[in-house]
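Listing of work37.cif; format and content: mmCIF, C-alpha atoms.
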```cif
data_data
#
loop_
_atom_site.label_atom_id
_atom_site.label_comp_id
_atom_site.auth_asym_id
_atom_site.auth_seq_id
_atom_site.Cartn_x
_atom_site.Cartn_y
_atom_site.Cartn_z
CA MET A 1 136.07 90.60 88.86
CA ASP A 2 139.04 89.07 90.55
CA ASP A 3 137.62 85.79 91.67
CA ILE A 4 135.04 85.28 89.01
CA ILE A 5 134.33 81.69 88.23
CA ALA A 6 137.17 80.86 90.56
CA SER A 7 136.50 78.63 93.50
CA SER A 8 137.20 79.29 97.13
CA GLY A 9 136.07 78.00 100.47
CA GLY A 10 133.25 79.62 102.42
CA ARG A 11 130.75 79.22 105.18
CA HIS A 12 127.52 80.30 103.54
CA GLY A 13 124.65 78.53 101.94
CA PRO A 14 121.65 76.45 102.78
CA PRO A 15 121.52 73.49 105.11
CA GLY A 16 122.32 70.18 103.52
CA GLY A 17 118.91 68.63 103.93
CA GLN A 18 117.55 69.81 100.63
CA ILE A 19 120.47 68.87 98.42
CA ALA A 20 119.09 65.39 97.82
CA ASP A 21 115.81 66.99 96.75
CA GLN A 22 117.60 69.33 94.43
CA LEU A 23 119.54 66.51 92.81
CA ARG A 24 116.30 64.65 92.32
CA TRP A 25 114.76 67.76 90.79
CA PHE A 26 117.60 68.00 88.29
CA ASP A 27 117.30 64.24 87.80
CA ILE A 28 120.97 63.74 88.58
CA THR A 29 121.66 60.07 89.26
CA GLU A 30 124.74 58.11 90.18
CA THR A 31 125.03 57.24 86.49
CA ASP A 32 125.17 60.93 85.63
CA ARG A 33 127.95 61.51 88.09
CA ARG A 34 129.93 58.59 86.75
CA GLN A 35 129.37 59.73 83.19
CA ALA A 36 130.40 63.27 83.96
CA GLU A 37 133.47 61.93 85.68
CA ALA A 38 134.35 59.92 82.61
CA LEU A 39 134.84 63.31 80.96
CA ALA A 40 137.39 64.38 83.56
CA VAL A 41 140.47 63.48 81.55
CA THR A 42 139.12 64.98 78.34
CA ALA A 43 137.95 68.09 80.14
CA ASP A 44 141.35 68.48 81.77
CA GLU A 45 143.14 68.21 78.48
CA LEU A 46 140.83 70.60 76.73
CA ALA A 47 140.09 73.06 79.50
CA GLU A 48 143.11 75.23 79.01
CA GLN A 49 142.51 75.79 75.32
CA ILE A 50 138.80 76.41 75.86
CA ILE A 51 139.48 78.92 78.57
CA GLU A 52 142.03 80.69 76.35
CA ASP A 53 139.38 80.88 73.63
CA PHE A 54 136.84 82.04 76.14
CA TYR A 55 138.98 84.93 77.30
CA ALA A 56 139.68 85.97 73.75
CA HIS A 57 135.90 86.01 73.31
CA LEU A 58 135.28 87.79 76.62
CA LEU A 59 137.92 90.45 76.08
CA SER A 60 136.43 91.35 72.74
CA PHE A 61 133.66 93.01 74.74
CA ASP A 62 134.50 96.47 76.04
CA ASP A 63 132.28 96.06 79.06
CA ALA A 64 134.00 92.87 80.12
CA ARG A 65 137.47 94.22 79.47
CA ARG A 66 136.92 97.04 81.91
CA HIS A 67 136.86 94.50 84.72
CA PHE A 68 140.41 93.43 84.13
CA ARG A 69 143.23 95.60 85.32
CA SER A 70 146.30 93.54 84.44
CA ASP A 71 147.58 90.44 82.74
CA GLU A 72 148.37 88.85 86.09
CA GLN A 73 144.79 89.31 87.12
CA ILE A 74 143.63 87.59 83.95
CA ALA A 75 146.09 84.76 84.57
CA ARG A 76 144.80 84.33 88.10
CA VAL A 77 141.17 84.28 87.01
CA LYS A 78 141.96 81.76 84.29
CA LYS A 79 143.55 79.49 86.85
CA GLY A 80 140.47 79.79 89.02
CA GLN A 81 138.25 78.89 86.11
CA LEU A 82 140.31 75.86 85.32
CA LYS A 83 139.72 74.64 88.85
CA TYR A 84 136.03 75.50 88.68
CA PHE A 85 135.42 73.47 85.55
CA ARG A 86 137.55 70.59 86.75
CA GLU A 87 135.38 70.48 89.85
CA LEU A 88 132.30 70.43 87.69
CA VAL A 89 133.05 66.94 86.41
CA THR A 90 134.43 65.53 89.64
CA ALA A 91 132.47 67.35 92.34
CA ALA A 92 130.89 65.41 95.15
CA LEU A 93 127.74 67.59 94.86
CA ASP A 94 127.52 67.62 98.64
CA GLU A 95 127.02 70.32 101.23
CA ASP A 96 130.55 71.70 100.97
CA TYR A 97 130.25 71.90 97.24
CA VAL A 98 126.96 73.79 97.39
CA ARG A 99 128.37 76.15 100.01
CA ASN A 100 131.36 76.82 97.85
CA ARG A 101 129.25 77.42 94.74
CA ARG A 102 126.99 79.77 96.63
CA GLN A 103 129.91 81.75 97.84
CA ILE A 104 131.19 82.09 94.32
CA GLY A 105 127.74 83.33 93.37
CA GLN A 106 127.97 85.96 96.10
CA ILE A 107 131.33 87.13 94.85
CA HIS A 108 129.95 87.39 91.33
CA GLU A 109 126.88 89.27 92.43
CA ARG A 110 128.91 91.74 94.46
CA SER A 111 131.39 92.40 91.69
CA GLY A 112 128.67 93.08 89.15
CA VAL A 113 128.83 89.92 87.02
CA THR A 114 125.33 89.79 85.60
CA PRO A 115 123.40 86.52 85.23
CA THR A 116 123.69 87.02 81.45
CA LEU A 117 127.47 87.15 81.67
CA TYR A 118 127.57 84.16 83.97
CA VAL A 119 125.19 81.94 82.01
CA GLY A 120 126.76 83.04 78.74
CA ALA A 121 130.22 82.05 79.94
CA TYR A 122 128.85 78.69 80.96
CA ALA A 123 127.13 78.15 77.64
CA TYR A 124 130.34 79.03 75.84
CA TYR A 125 132.34 76.51 77.81
CA LEU A 126 129.80 73.68 77.45
CA HIS A 127 129.38 74.34 73.78
CA ARG A 128 133.11 74.25 73.05
CA LEU A 129 133.66 71.23 75.23
CA GLY A 130 130.73 69.45 73.58
CA HIS A 131 132.17 69.90 70.12
CA ARG A 132 135.61 68.69 71.11
CA VAL A 133 134.25 65.66 72.94
CA MET A 134 132.14 64.70 69.94
CA ASP A 135 135.23 65.07 67.74
CA ARG A 136 137.32 62.87 69.95
CA MET A 137 134.72 60.17 70.37
CA GLN A 138 133.75 59.93 66.73
CA ASP A 139 133.75 56.15 66.96
CA ASP A 140 131.08 56.19 69.69
CA PRO A 141 128.89 59.29 69.29
CA GLY A 142 126.07 57.72 71.29
CA ARG A 143 128.24 57.44 74.36
CA ALA A 144 129.68 60.92 73.80
CA LEU A 145 126.18 62.36 73.80
CA ALA A 146 125.22 60.45 76.95
CA LEU A 147 128.30 61.75 78.76
CA LEU A 148 127.64 65.30 77.67
CA LEU A 149 123.98 65.18 78.64
CA SER A 150 124.99 64.08 82.12
CA LEU A 151 127.47 66.91 82.32
CA ILE A 152 124.81 69.38 81.20
CA LYS A 153 122.50 68.28 84.02
CA ILE A 154 125.23 68.83 86.56
CA ALA A 155 126.13 72.15 84.98
CA HIS A 156 122.55 73.33 85.37
CA PHE A 157 122.46 72.25 88.99
CA ASP A 158 125.68 74.17 89.43
CA MET A 159 124.32 77.29 87.74
CA ALA A 160 121.20 77.13 89.88
CA GLN A 161 123.32 77.41 93.01
CA ALA A 162 124.92 80.61 91.83
CA LEU A 163 121.68 82.11 90.53
CA GLU A 164 119.91 81.39 93.82
CA THR A 165 122.58 83.45 95.49
CA TYR A 166 121.92 86.30 93.10
CA VAL A 167 118.24 86.27 94.02
CA GLU A 168 119.00 86.01 97.72
CA ALA A 169 121.33 88.97 97.53
CA ARG A 170 118.68 91.08 95.80
CA GLU A 171 116.08 90.03 98.34
CA ALA A 172 118.37 90.99 101.15
CA THR A 173 118.72 94.41 99.53
CA ILE A 174 114.97 94.80 99.23
CA GLU A 175 114.46 93.77 102.83
CA GLN A 176 117.07 96.28 103.86
CA ARG A 177 115.22 99.03 101.96
CA GLU A 178 111.93 98.01 103.55
CA ARG A 179 113.60 98.16 106.91
CA GLU A 180 114.97 101.60 106.19
CA MET A 181 111.56 102.80 105.09
CA SER A 182 109.92 101.40 108.19
CA GLU A 183 112.46 103.37 110.18
CA LEU A 184 111.24 106.64 108.76
CA PRO A 185 111.42 109.00 111.67
CA THR A 186 108.17 109.32 113.56
CA PRO A 187 107.79 113.01 114.39
CA VAL A 188 106.41 114.03 117.75
CA LEU A 189 104.70 117.39 117.31
CA GLN A 190 103.68 119.60 120.19
CA LEU A 191 100.35 121.21 119.28
CA ARG A 192 100.10 123.23 122.45
CA ASP A 193 101.20 122.95 126.03
CA GLY A 194 100.69 119.37 127.15
CA LEU A 195 99.22 118.15 123.84
CA LEU A 196 101.18 116.03 121.31
CA LEU A 197 100.37 114.89 117.79
CA ILE A 198 102.09 111.86 116.32
CA PRO A 199 101.40 111.03 112.68
CA VAL A 200 102.26 107.40 111.96
CA VAL A 201 103.09 106.49 108.36
CA GLY A 202 103.93 103.20 106.68
CA THR A 203 103.57 99.70 108.01
CA LEU A 204 103.28 99.09 111.71
CA ASP A 205 105.10 95.87 112.48
CA SER A 206 106.20 94.91 115.96
CA TYR A 207 109.64 96.43 115.45
CA ARG A 208 108.18 99.73 114.33
CA ALA A 209 105.53 99.61 117.06
CA ARG A 210 108.24 99.32 119.68
CA SER A 211 110.09 102.35 118.38
CA LEU A 212 106.79 104.25 118.16
CA THR A 213 106.13 103.45 121.82
CA VAL A 214 109.58 104.65 122.80
CA LYS A 215 109.17 107.89 120.84
CA LEU A 216 105.77 108.47 122.35
CA LEU A 217 106.92 107.88 125.91
CA GLU A 218 109.98 110.10 125.43
CA GLY A 219 107.72 112.77 123.94
CA ILE A 220 105.36 112.60 126.91
CA ARG A 221 108.26 112.92 129.31
CA ASP A 222 110.09 115.69 127.43
CA HIS A 223 107.01 117.79 126.82
CA ARG A 224 105.24 116.91 130.07
CA ALA A 225 102.31 115.97 127.88
CA ARG A 226 98.95 114.90 129.28
CA ALA A 227 97.18 114.14 126.00
CA VAL A 228 98.34 112.58 122.76
CA VAL A 229 96.70 112.28 119.37
CA LEU A 230 97.93 109.33 117.33
CA ASP A 231 97.00 109.71 113.68
CA ILE A 232 97.20 106.54 111.59
CA THR A 233 95.82 107.87 108.30
CA GLY A 234 99.08 106.84 106.66
CA VAL A 235 99.29 103.31 108.05
CA ALA A 236 98.90 100.54 105.49
CA ALA A 237 97.19 97.29 106.43
CA VAL A 238 95.39 97.94 109.69
CA ASP A 239 94.37 94.63 111.25
CA SER A 240 94.18 93.03 114.68
CA ALA A 241 97.96 92.89 114.98
CA VAL A 242 98.23 96.64 114.31
CA ALA A 243 95.34 97.25 116.71
CA ASN A 244 97.20 95.22 119.31
CA HIS A 245 100.33 97.33 118.87
CA LEU A 246 98.30 100.51 119.18
CA ILE A 247 96.51 99.29 122.29
CA GLN A 248 99.84 98.50 123.92
CA THR A 249 101.32 101.84 122.89
CA MET A 250 98.31 103.72 124.23
CA THR A 251 98.33 101.71 127.44
CA ALA A 252 101.98 102.59 127.95
CA ALA A 253 101.10 106.28 127.43
CA ARG A 254 98.39 106.00 130.05
CA LEU A 255 100.88 104.56 132.54
CA MET A 256 102.99 107.66 131.89
CA GLY A 257 100.00 109.80 132.79
CA ALA A 258 98.87 110.80 129.31
CA SER A 259 95.57 109.95 127.66
CA SER A 260 95.57 109.24 123.97
CA VAL A 261 93.16 109.46 121.09
CA LEU A 262 93.43 107.51 117.88
CA THR A 263 92.45 109.19 114.62
CA GLY A 264 92.65 108.35 110.95
CA LEU A 265 90.85 105.04 111.05
CA SER A 266 88.61 104.82 108.00
CA ALA A 267 84.97 103.90 108.63
CA GLU A 268 85.34 100.65 106.70
CA VAL A 269 88.44 99.55 108.57
CA ALA A 270 86.86 100.49 111.90
CA GLN A 271 83.86 98.30 111.07
CA ALA A 272 86.08 95.43 110.04
CA LEU A 273 88.07 95.66 113.28
CA VAL A 274 84.92 95.65 115.38
CA LYS A 275 83.60 92.61 113.54
CA ILE A 276 86.88 90.84 114.06
CA GLY A 277 86.50 91.48 117.76
CA VAL A 278 88.72 94.42 118.62
CA THR A 279 86.79 96.22 121.31
CA GLY A 280 86.30 99.95 121.23
CA GLU A 281 87.02 100.44 124.90
CA ALA A 282 90.68 99.59 124.51
CA LEU A 283 91.11 102.17 121.78
CA ARG A 284 89.72 105.65 122.23
CA THR A 285 89.07 106.84 118.69
CA ALA A 286 87.83 109.99 117.02
CA GLY A 287 86.27 110.28 113.57
CA ASP A 288 88.87 112.60 112.16
CA LEU A 289 91.96 114.51 113.16
CA GLN A 290 90.08 117.69 114.07
CA HIS A 291 87.73 115.83 116.40
CA GLY A 292 90.66 113.97 117.83
CA ILE A 293 92.41 117.21 118.70
CA GLU A 294 89.24 118.67 120.21
CA MET A 295 88.80 115.52 122.26
CA ALA A 296 92.39 115.70 123.47
CA GLU A 297 91.96 119.35 124.40
CA ARG A 298 88.97 118.47 126.54
CA MET A 299 91.11 115.84 128.27
CA LEU A 300 93.60 118.56 129.18
CA GLU A 301 90.88 120.55 130.94
CA ILE A 302 89.91 117.75 133.27
CA MET B 303 112.11 72.69 96.52
CA THR B 304 109.71 75.36 95.42
CA GLY B 305 110.40 75.14 91.73
CA LEU B 306 107.36 73.06 90.83
CA ASP B 307 104.69 75.38 92.16
CA LEU B 308 103.53 76.32 88.72
CA ALA B 309 101.85 79.43 89.93
CA ALA B 310 98.23 80.26 89.27
CA PRO B 311 97.81 83.88 88.27
CA GLN B 312 96.57 85.04 91.64
CA MET B 313 99.06 83.87 94.18
CA GLN B 314 101.15 85.80 96.62
CA ARG B 315 103.94 84.24 98.56
CA ILE B 316 103.99 85.39 102.16
CA GLU B 317 107.35 85.79 103.85
CA ARG B 318 107.45 89.26 105.33
CA ASP B 319 105.31 92.26 106.22
CA GLY B 320 105.62 93.69 102.73
CA ASP B 321 103.97 90.54 101.38
CA VAL B 322 101.04 91.02 103.77
CA VAL B 323 100.40 94.44 102.27
CA ALA B 324 100.76 93.03 98.73
CA ALA B 325 98.27 90.22 99.45
CA ARG B 326 95.77 92.72 100.81
CA GLN B 327 96.09 94.83 97.69
CA ILE B 328 95.55 91.85 95.38
CA GLY B 329 92.51 90.74 97.38
CA ARG B 330 91.03 94.18 97.54
CA HIS B 331 91.50 94.70 93.84
CA LEU B 332 89.85 91.38 93.02
CA ALA B 333 87.01 92.08 95.42
CA ALA B 334 86.39 95.42 93.73
CA GLU B 335 86.41 93.74 90.32
CA ILE B 336 83.86 91.18 91.46
CA GLY B 337 81.72 94.04 92.67
CA PHE B 338 81.95 93.89 96.46
CA SER B 339 80.97 97.07 98.30
CA ARG B 340 83.66 99.14 99.96
CA PRO B 341 82.86 97.93 103.50
CA GLU B 342 82.96 94.36 102.18
CA GLN B 343 86.29 95.05 100.51
CA ALA B 344 87.62 96.25 103.85
CA LEU B 345 86.41 93.06 105.53
CA ILE B 346 88.10 90.93 102.88
CA ALA B 347 91.32 92.92 103.12
CA THR B 348 91.29 92.57 106.89
CA ALA B 349 90.72 88.80 106.68
CA ILE B 350 93.63 88.48 104.25
CA SER B 351 95.75 90.53 106.60
CA GLU B 352 94.97 88.27 109.54
CA LEU B 353 95.70 85.09 107.58
CA ALA B 354 98.89 86.47 106.07
CA ARG B 355 100.16 87.78 109.38
CA ASN B 356 99.57 84.39 110.97
CA ILE B 357 101.82 82.89 108.32
CA VAL B 358 104.57 85.44 108.93
CA SER B 359 104.30 85.08 112.71
CA TYR B 360 104.00 81.33 113.06
CA ALA B 361 105.15 79.59 109.89
CA GLU B 362 107.69 82.07 108.45
CA ARG B 363 106.59 81.42 104.90
CA GLY B 364 103.56 80.35 102.97
CA MET B 365 101.27 81.24 100.15
CA ILE B 366 97.95 82.99 99.73
CA SER B 367 95.89 82.31 96.63
CA PHE B 368 92.76 84.00 95.39
CA ALA B 369 89.97 82.77 93.15
CA ALA B 370 86.72 84.25 92.01
CA VAL B 371 83.97 81.68 92.61
CA ASP B 372 80.49 81.27 91.26
CA ALA B 373 77.72 79.21 92.80
CA GLU B 374 73.95 79.32 92.60
CA ARG B 375 74.06 82.60 90.73
CA ARG B 376 76.13 84.08 93.50
CA GLN B 377 79.58 85.52 93.07
CA GLY B 378 82.26 85.36 95.65
CA LEU B 379 85.94 85.42 96.42
CA ARG B 380 87.78 82.43 97.81
CA ILE B 381 91.05 82.93 99.64
CA THR B 382 93.34 80.08 100.60
CA ALA B 383 96.23 80.55 103.00
CA GLU B 384 98.68 77.67 103.17
CA ASP B 385 101.88 77.11 105.03
CA ARG B 386 104.18 74.25 105.90
CA GLY B 387 104.91 75.56 109.36
CA PRO B 388 104.61 73.82 112.74
CA GLY B 389 100.83 73.50 112.42
CA ILE B 390 98.23 73.93 115.15
CA ALA B 391 98.05 71.39 117.94
CA ASP B 392 94.60 72.36 119.19
CA ILE B 393 92.42 73.87 116.49
CA HIS B 394 89.50 74.23 118.87
CA ALA B 395 91.59 76.42 121.19
CA ALA B 396 93.01 78.38 118.26
CA MET B 397 89.46 79.22 117.22
CA THR B 398 88.64 80.69 120.65
CA ASP B 399 88.65 84.46 121.10
CA GLY B 400 91.67 85.63 123.02
CA PHE B 401 93.66 82.43 122.61
CA SER B 402 97.17 83.06 121.38
CA THR B 403 100.44 81.18 121.63
CA GLY B 404 102.13 84.40 120.56
CA ASN B 405 101.76 87.83 122.09
CA SER B 406 98.69 88.84 120.12
CA LEU B 407 95.06 89.66 120.76
CA GLY B 408 94.12 86.14 119.71
CA LEU B 409 91.42 87.41 117.37
CA GLY B 410 92.99 86.49 114.05
CA LEU B 411 91.34 83.13 113.34
CA PRO B 412 88.01 83.53 115.16
CA GLY B 413 87.75 87.10 113.87
CA THR B 414 88.37 85.97 110.32
CA GLN B 415 85.68 83.34 110.70
CA ARG B 416 83.27 86.03 111.89
CA ILE B 417 83.83 88.32 108.95
CA MET B 418 83.80 85.69 106.20
CA ASP B 419 80.86 83.56 105.04
CA GLU B 420 82.68 80.26 104.84
CA PHE B 421 85.66 79.18 106.86
CA ASP B 422 87.58 75.95 106.80
CA ILE B 423 90.78 75.17 108.67
CA ARG B 424 92.92 72.07 108.37
CA SER B 425 96.03 71.43 110.34
CA ALA B 426 98.01 68.87 112.22
CA PRO B 427 101.15 69.38 114.29
CA GLY B 428 104.15 69.44 111.99
CA GLU B 429 102.06 69.57 108.86
CA GLY B 430 101.32 73.23 108.41
CA VAL B 431 98.00 74.99 108.22
CA THR B 432 95.55 75.47 105.38
CA VAL B 433 92.76 77.98 105.85
CA THR B 434 90.17 78.46 103.14
CA VAL B 435 87.63 81.26 103.40
CA VAL B 436 84.92 82.49 101.07
CA LYS B 437 83.07 85.77 101.04
CA TRP B 438 79.86 85.91 99.01
CA LYS B 439 78.67 89.11 97.47
CA SER B 440 75.50 90.24 99.18
CA ARG B 441 72.52 90.33 96.83
#
```

Re-express the file's structure as structure tokens.
Amino acid sequence: MDDIIASSGGRHGPPGGQIADQLRWFDITETDRRQAEALAVTADELAEQIIEDFYAHLLSFDDARRHFRSDEQIARVKKGQLKYFRELVTAALDEDYVRNRRQIGQIHERSGVTPTLYVGAYAYYLHRLGHRVMDRMQDDPGRALALLLSLIKIAHFDMAQALETYVEAREATIEQREREMSELPTPVLQLRDGLLLIPVVGTLDSYRARSLTVKLLEGIRDHRARAVVLDITGVAAVDSAVANHLIQTMTAARLMGASSVLTGLSAEVAQALVKIGVTGEALRTAGDLQHGIEMAERMLEI
Amino acid sequence: MTGLDLAAPQMQRIERDGDVVAARQIGRHLAAEIGFSRPEQALIATAISELARNIVSYAERGMISFAAVDAERRQGLRITAEDRGPGIADIHAAMTDGFSTGNSLGLGLPGTQRIMDEFDIRSAPGEGVTVTVVKWKSR
């Protein structure tokens, strides 16, 4: 939790084009920026005390305390936070700023700071600051409120940057898992001399189709196969793109001197593919696996 | 900004292959609820697959929405695929069998038109593509 809510430079984040849109979405105007900036001096004066209070609050939680190894570490993080909140009132809200905020979000996500912890810390800070600002500006509470509302808008914009990074990081993880699953090994089984069976499972995207083709061609070469049964019972979402991949794979097999039979196509899906326009001649199919194997065996006899 | 798309209950964002499978499942489930036969469900799922894969291949991201429709005592399923991608320069060519700017069979759009009862495509270069299709339950 070293760098939590501490700022640092980075090279990540979205292109700048949409920042103007985002600011409009949060309804952040020039007035808001000026008003937030008017809080700079007050925020500076108060920040240290608020952050002290915040850490007293934070460290009263066992879970949070586990993240801190030493007093120096706490001191360093406090310094980072001071900078972070000072930037909140004076930030340019430009591309560099968004990049920087996103990188902080990444650091948080990686080190296990949950959105609850992050948003809670923010709420704590805004709440304390709000009270002190209202106290100080007792003679003009209307203005104090206006300034604080502007700051709250900017704070939400700021939080959104970090939370987006959280979501992106999770999505990257999911994509990685999907990729790993799509890389499930495709077994090449030799049924008898010259006859291979390849069960294909999962989704058949172009990446997976390429590796299937490679496996098939290697199998044909290694086993000196002359017939191959491709079983796609376990393939989700068979459509013209999948059919295209299969046609190319089977054509490649033919160029290697092996004929192939496709099995495992359900009757409904087969009908749908024909109606869409996939022609039967490109794909030699058999009703079920047993027929497919019989068909392949006949090919061996020719 | 995507924050304002206050989502209708039956929407699936399409960004990757996993979303294609998810959209198919939603469509198939809805089709079964409406009472489509199994072969019809397969046609609907295949059409969704084609539309969703077009989004992934050509526009990177988009959205597919589903709605049960009722007209003249007939029930049907309407599917809308929208993206903000590069759009289609020549819709007439795109609707021709075997035409593809990618490395595909070029059956996606014309094939989808063949298997659905209603088909509407709107696009202009730079403005994305919106395809709306309807399948009516056979009586």

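Atom CA of B:Met365 sits 5.4 Å away from atom CA of B:Ile316.
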
| For chain B, which residues have at least one atom within 7 Å of chain A, if we go by all atoms listed in the file? Write them as a ChimeraX atom specification, please. | /B:303,323,341,344-345,348,351-352,406-407,409-410,413-414,416-417

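Evaluating the PyMOL selection byres ((chain A and resi 164-174) around 6) against the shown model yields Arg102, Gly105, Gln106, Glu109, Ala160, Gln161, Ala162, Leu163, Glu175, Gln176 and Arg177 of chain A.
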
Could the residues in this selection be written to a file with C-alpha atoms, as a compact mmCIF listing (two decimals), in the frame of the given file?
```
# COMPACT_ATOMS: atom_id res chain seq x y z
CA ARG A 102 126.99 79.77 96.63
CA GLY A 105 127.74 83.33 93.37
CA GLN A 106 127.97 85.96 96.10
CA GLU A 109 126.88 89.27 92.43
CA ALA A 160 121.20 77.13 89.88
CA GLN A 161 123.32 77.41 93.01
CA ALA A 162 124.92 80.61 91.83
CA LEU A 163 121.68 82.11 90.53
CA GLU A 175 114.46 93.77 102.83
CA GLN A 176 117.07 96.28 103.86
CA ARG A 177 115.22 99.03 101.96
```

| task | Tell me, as an NGL selection string, which residues lie within 8 Å of stretch 152-155 of chain A, counting all atoms listed in the file; anything in the same chain fewer than 5 positions away does not count. | result | :A and (26-28 or 32-33 or 88 or 126)

| field | Contacts of B:Glu342 within 12 Å, all atoms listed in the file, excl. fewer than 4 positions in-chain, as a PyMOL selection string | value | (chain A and resi 267-269+271-272+275) or (chain B and resi 329-334+336-338+346-349+378-379+417-419+437-440)

| task | Run the PyMOL selection byres ((chain A and resi 231) around 12) mentally over the shown coordinates, then write out the matched residues as a ChimeraX atom specification, using the chain letters and numbers from the document. | result | /A:186-189,196-202,228-230,232-235,246,260-266,284-293
